[in-house]
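Q: Would you mind keeping the following structure in view while I ask a few things?
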Amino acid sequence: MFEAAIEGLQSVLTFQSLAMMLLGVVIGSLVGFLPGIGGPTTLAIMLPFVMVMKDPVPVIALLVGIDAVGNTASAFTSILISVPGSAGSQATILDGYPMAKRGEAARALSASFMASLVGGLVGPLILLASLPILRPLVLAFGSPEFFVLTLWGLAMVGVLSGNAPVKGILAGIIGVFIATVGLDVKSGVERFSFGEPYLWDGISLIIVALGIFGVPECIDLASQKSSIAEKQELGSGFKQGIMDVFQNMWLTVRSSAIGIWVGFLPGLGSSVADWFAYAHAVQSEKNTENFGKGDVRGVIAPEASNNSKEAGSYIPTLAFGIPGGTSTALILVAFTAVGINPGPDMLTTQLPFTFAIIWTLAIANIIAVALCMAFAKPIAKCCFLPFYTIVPLILVFVFIGAFASHFNRYDLLLLMVFSALGFMMRRHGWPRAPLLLGVVLGTKMELYLWLSYTRFGTEWLWRPGVVILFILVLASVLYPFWQGQGSRHRETI
Amino acid sequence: MEWIKIERPLFTLFVALVLAGAILTASEWSIRASIIILVLGAIGLSMAVAQLIADLKNLSSKNTAAALTMEAPTLQAGRRWGNVEIWGWLLSFYAAIYLIGFLAAVPLFVLSYTKVYGGSWLIAALLALTSWGFVYSLFDILLHVPWPTPLLSILIP
């Protein structure tokens with residue numbers, strides 16, 4: 001394992017990989033503070049470009065770099081203008097914005113960057129520590145267990161993606177159906193291709209991702225027509241903010257651990273991690289009367305958790321090939337395209353790639369925090385870019401990205417279809433992440449099911465691992481309904 | 001009654017019809033090709049019907065709030081005109097790509113969008129030039145992308 005760690009570090013420290021990581025960090029930071037344009041949208045736009053690259057390590061450096069730092073820079077808008085740059089920085093507003101209003105924006109920003117750094121380093125450390133535990137576990141699994149795991153991943157994402165569990169599960173099922181489009185290699189049947197050769201190879205995940213995430217976010221940004229004219233001064237207290245994190249180191253580490261746990265559970269995502277950490281800070285800290293009025297601990301806790309969450313989401317992605325969230329689902333697609341096979345291989349033959357990811361997560365966070373601290377003033381000014389400079393450029397990237405998936409006219413038609421679907425889903429509160437995960441997991445799910453059936457008949461259903469995992473799937477699906485009934489019962493009482 | 005409240009069950013009905021159509025189509029295939037569609041489709045269809053009933057029940061309720069999700073806030077019904085506007089831009093861009101090709105449509109779209117919403121001529125021109133330069137240099141010069149022939153050049157040779 002030590003050799004793999006060194007090999008991973010060496011591969012990350014080459015000029016090409018470092019340059020790609022820096023590019024990823026800059027892109028991730030830029031989109032981080034543009035409200036409405038989140039990490040998944042950026043990763044979806046980047047997919048067609050990275051999939052033509054031959055060397056996997058620069059792809060790791062670029063995509064993991066983008067993913068690792070998005071929540072660091074998003075604190076800018078949360079603190080300065082009370083608009084979360086990404087879903088993971090919503091709780092930061094509660095205390096960050098009041099601090100900015102009373103002239104302590106610099107202190108809040110430096111505290112958030114420092115907490116992000118701690119979270120961003122604790123995350124990879126725990127990911128590293130989990131490898132020896134995961135390795136024997138993953139190697140003991142066969143295709144039946146992996147089938148139920150994919151089912152569990154889909155059920156968890158569907159159930160946990162909001163207070164609309166039925167819609168979440170339905171979205172996941174639609175995603176699996178989309179994954180079945182094309183020629184079925186097992187039977188030679190043309191599934192849902194309507195006799196159209198373009199659909200024989202299936203529907204490109206890039207187009208699905210750009211359609212359901214990229215375009216609806218742009219529509220929202222364009223509809224708001226938000227041009228923020230109010231200016232905020234950064235004020236003083238930059239050093240004090242850094243000191244605040246050291247003075248509250250135990251809270252920072254606890255919040256990071258919460259983030260990792262949230263990231264590990266497929267479907268919860270960073271939008272929950274920050275709230276969990278904030279709630280934990282309020283519950284566990286002393287002198288909580290200033291929370292919500294500009295307490296620096298209310299900035300530290302969410303910012304530490306939303307960064308460590310990214311490392312947590314790589315644990316199921318790498319070990320089982322089940323993405324911990326939307327971003328890791330997109331990264332998983334890119335990894336597969338460049339020859340990295342998430343799953344058991346990541347802990348055996350492809351262990352150096354796993355270490356390259358861990359190193360990238362750590363180094364990217366250090367670079368991002370250094371950049372944010374060094375360029376805080378000019379970056380803060382960029383928060384005031386009007387929408388009409390951002391929307392057309394993103395739409396151009398979205399259209400070009402979709403066209404680049406097959407260089408076919410139908411690519412754009414499909415993009416419009418999925419854009420309409422994504423728009424309607426967002427408009428009516430349907431979670432979109434399960435759909436994307438359904439597309440990613442659908443092929444694997446079908447393959448594992450078929451392998452299990454051909455190897456074991458129906459006997460596989462009684463394997464102990466399968467039974468335990470099936471109970472977990474059922475518990476995951478039924479828990480929110482049971483919880484909902486319980487809360488309604490309490491309300492009646 | 002608000003339009004969004006009527007729209008919601010219609011969208012759920014659409015999902016249910018898609019699932020039913022998929023099951024019906026898959027029932028004609030061999031079990032090897034259809035098993036996952038039939039199993040998940042049956043579960044999905046029953047859930048879609050349940051969701052449709054819930055949506056129809058909500059039609060008469062006074063609560064107008066859409067279901068919240070943790071991933072992103074639901075698009076606001078009040079922004080419908082803004083949504084129509086941007087859809088107009090999207091479809092125009094799509095049509096322009098077909099009509100005059102990518103390389104001409106990209107700067108035209110960026111320039112007109114920026115200018116219409118209050119950008120100065122300088123900013124609009126700079127953004128249009130940058131986007132065109134990026135697309136041209138990366139896709140045309142470096143990657144030699146086979147652009148589809150614009151419809152206009154077919155109609156007017």
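Letters A, B, ... go to the chains of the structure tokens in the order shown; residues in each chain start at 1; ligands are counted from 1 in the same order.
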If you run DSSP on the backbone here, which positions in stretch 44-189 of chain A get helix (DSSP H, G or I)? Please write them as a PyMOL selection string.
A: chain A and resi 44-50+56-73+75-81+87-101+105-139+143-160+165-180
Q: Could you tell me which residues of chain A sit within 7 Å of chain B when counting only C-alpha atoms, and give me the result as a PyMOL selection string?
A: chain A and resi 87+161-164+166+170+173+177+184+187+189+219-220+222-223+271+388-389+392-393+396+409+426-429+431+446
Q: Next, write the just-selected residues to a file, as a PDB file, in the first residue's frame, keeping N, CA and C atoms as the atom set.
A:
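Listed below is the output, part-v7.pdb:
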```
ATOM      1  N   ALA A  87     -25.011  24.706  -3.039  1.00  0.00           N
ATOM      2  CA  ALA A  87     -25.977  24.187  -2.062  1.00  0.00           C
ATOM      3  C   ALA A  87     -25.336  23.924  -0.709  1.00  0.00           C
ATOM      4  N   SER A 161     -33.300  12.253  -1.020  1.00  0.00           N
ATOM      5  CA  SER A 161     -33.083  13.479  -1.781  1.00  0.00           C
ATOM      6  C   SER A 161     -34.181  14.513  -1.558  1.00  0.00           C
ATOM      7  N   GLY A 162     -34.723  14.580  -0.397  1.00  0.00           N
ATOM      8  CA  GLY A 162     -35.685  15.627  -0.103  1.00  0.00           C
ATOM      9  C   GLY A 162     -36.877  15.057   0.629  1.00  0.00           C
ATOM     10  N   ASN A 163     -37.917  15.871   0.774  1.00  0.00           N
ATOM     11  CA  ASN A 163     -39.097  15.328   1.440  1.00  0.00           C
ATOM     12  C   ASN A 163     -40.115  14.844   0.420  1.00  0.00           C
ATOM     13  N   ALA A 164     -39.593  14.391  -0.728  1.00  0.00           N
ATOM     14  CA  ALA A 164     -40.440  13.827  -1.768  1.00  0.00           C
ATOM     15  C   ALA A 164     -39.873  12.464  -2.153  1.00  0.00           C
ATOM     16  N   VAL A 166     -41.172   9.545  -2.880  1.00  0.00           N
ATOM     17  CA  VAL A 166     -41.788   8.827  -4.005  1.00  0.00           C
ATOM     18  C   VAL A 166     -41.237   9.384  -5.316  1.00  0.00           C
ATOM     19  N   LEU A 170     -39.038   7.410  -8.105  1.00  0.00           N
ATOM     20  CA  LEU A 170     -39.522   7.426  -9.494  1.00  0.00           C
ATOM     21  C   LEU A 170     -38.460   7.988 -10.442  1.00  0.00           C
ATOM     22  N   ILE A 173     -35.903   5.381 -11.083  1.00  0.00           N
ATOM     23  CA  ILE A 173     -36.398   4.344 -12.012  1.00  0.00           C
ATOM     24  C   ILE A 173     -36.363   4.864 -13.455  1.00  0.00           C
ATOM     25  N   PHE A 177     -34.354   3.332 -16.713  1.00  0.00           N
ATOM     26  CA  PHE A 177     -34.985   3.120 -18.028  1.00  0.00           C
ATOM     27  C   PHE A 177     -34.173   3.808 -19.128  1.00  0.00           C
ATOM     28  N   ASP A 184     -29.377  -4.194 -26.682  1.00  0.00           N
ATOM     29  CA  ASP A 184     -29.052  -4.983 -25.498  1.00  0.00           C
ATOM     30  C   ASP A 184     -28.054  -6.065 -25.899  1.00  0.00           C
ATOM     31  N   SER A 187     -29.197  -9.904 -25.417  1.00  0.00           N
ATOM     32  CA  SER A 187     -30.242 -10.537 -26.232  1.00  0.00           C
ATOM     33  C   SER A 187     -30.295 -10.023 -27.671  1.00  0.00           C
ATOM     34  N   VAL A 189     -31.732  -7.346 -28.532  1.00  0.00           N
ATOM     35  CA  VAL A 189     -32.983  -6.589 -28.720  1.00  0.00           C
ATOM     36  C   VAL A 189     -32.671  -5.084 -28.754  1.00  0.00           C
ATOM     37  N   ILE A 219     -31.615  28.556 -16.715  1.00  0.00           N
ATOM     38  CA  ILE A 219     -32.957  29.135 -16.817  1.00  0.00           C
ATOM     39  C   ILE A 219     -33.275  29.898 -15.534  1.00  0.00           C
ATOM     40  N   ASP A 220     -32.914  29.284 -14.404  1.00  0.00           N
ATOM     41  CA  ASP A 220     -33.181  29.934 -13.114  1.00  0.00           C
ATOM     42  C   ASP A 220     -32.389  31.232 -12.990  1.00  0.00           C
ATOM     43  N   ALA A 222     -31.157  33.054 -15.402  1.00  0.00           N
ATOM     44  CA  ALA A 222     -31.644  34.044 -16.362  1.00  0.00           C
ATOM     45  C   ALA A 222     -32.991  34.619 -15.940  1.00  0.00           C
ATOM     46  N   SER A 223     -33.847  33.772 -15.330  1.00  0.00           N
ATOM     47  CA  SER A 223     -35.178  34.242 -14.918  1.00  0.00           C
ATOM     48  C   SER A 223     -35.082  35.225 -13.765  1.00  0.00           C
ATOM     49  N   SER A 271     -25.654  19.721   0.630  1.00  0.00           N
ATOM     50  CA  SER A 271     -26.685  20.655   1.083  1.00  0.00           C
ATOM     51  C   SER A 271     -27.227  20.254   2.442  1.00  0.00           C
ATOM     52  N   TYR A 388     -26.202  38.651 -17.370  1.00  0.00           N
ATOM     53  CA  TYR A 388     -26.127  38.582 -18.837  1.00  0.00           C
ATOM     54  C   TYR A 388     -24.716  38.321 -19.359  1.00  0.00           C
ATOM     55  N   THR A 389     -23.726  38.367 -18.466  1.00  0.00           N
ATOM     56  CA  THR A 389     -22.375  38.007 -18.912  1.00  0.00           C
ATOM     57  C   THR A 389     -22.102  36.522 -18.674  1.00  0.00           C
ATOM     58  N   PRO A 392     -25.145  33.524 -21.251  1.00  0.00           N
ATOM     59  CA  PRO A 392     -24.893  33.089 -22.635  1.00  0.00           C
ATOM     60  C   PRO A 392     -23.643  32.228 -22.770  1.00  0.00           C
ATOM     61  N   LEU A 393     -22.613  32.537 -21.969  1.00  0.00           N
ATOM     62  CA  LEU A 393     -21.375  31.747 -22.069  1.00  0.00           C
ATOM     63  C   LEU A 393     -21.615  30.309 -21.596  1.00  0.00           C
ATOM     64  N   VAL A 396     -23.543  28.392 -24.215  1.00  0.00           N
ATOM     65  CA  VAL A 396     -22.677  27.997 -25.336  1.00  0.00           C
ATOM     66  C   VAL A 396     -21.919  26.725 -24.958  1.00  0.00           C
ATOM     67  N   ARG A 409     -26.309  15.743 -35.123  1.00  0.00           N
ATOM     68  CA  ARG A 409     -27.405  16.713 -34.998  1.00  0.00           C
ATOM     69  C   ARG A 409     -28.379  16.334 -33.878  1.00  0.00           C
ATOM     70  N   ARG A 426     -37.508  20.252 -11.953  1.00  0.00           N
ATOM     71  CA  ARG A 426     -37.123  21.281 -10.984  1.00  0.00           C
ATOM     72  C   ARG A 426     -38.332  22.145 -10.619  1.00  0.00           C
ATOM     73  N   ARG A 427     -39.137  22.448 -11.615  1.00  0.00           N
ATOM     74  CA  ARG A 427     -40.315  23.301 -11.401  1.00  0.00           C
ATOM     75  C   ARG A 427     -41.306  22.656 -10.436  1.00  0.00           C
ATOM     76  N   HIS A 428     -41.398  21.325 -10.489  1.00  0.00           N
ATOM     77  CA  HIS A 428     -42.386  20.647  -9.654  1.00  0.00           C
ATOM     78  C   HIS A 428     -41.767  19.898  -8.483  1.00  0.00           C
ATOM     79  N   GLY A 429     -40.539  20.271  -8.117  1.00  0.00           N
ATOM     80  CA  GLY A 429     -39.921  19.715  -6.916  1.00  0.00           C
ATOM     81  C   GLY A 429     -39.533  18.253  -7.018  1.00  0.00           C
ATOM     82  N   PRO A 431     -36.659  15.633  -7.385  1.00  0.00           N
ATOM     83  CA  PRO A 431     -35.203  15.622  -7.288  1.00  0.00           C
ATOM     84  C   PRO A 431     -34.568  15.052  -8.558  1.00  0.00           C
ATOM     85  N   GLU A 446     -28.293  -3.975 -14.096  1.00  0.00           N
ATOM     86  CA  GLU A 446     -28.773  -5.009 -15.002  1.00  0.00           C
ATOM     87  C   GLU A 446     -27.714  -6.095 -15.195  1.00  0.00           C
TER      88      GLU A 446
END
```
Q: Near A:Ile206, within 12 Å and counting only C-alpha atoms, which residues show up once chain neighbours fewer than 3 positions away are dropped, as a PyMOL selection string?
A: chain A and resi 40-51+202-203+209-214+329-334+337+398-406+411-412+414-415+418+436+439-440
Q: Let me make sure I understand: among A:Ile260, A:Val148, A:Leu62, A:Met114, which one has the smallest atom-to-atom distance to A:Leu469 if we use only C-alpha atoms?
A: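 For A:Leu469, the nearest of the candidates is A:Val148.
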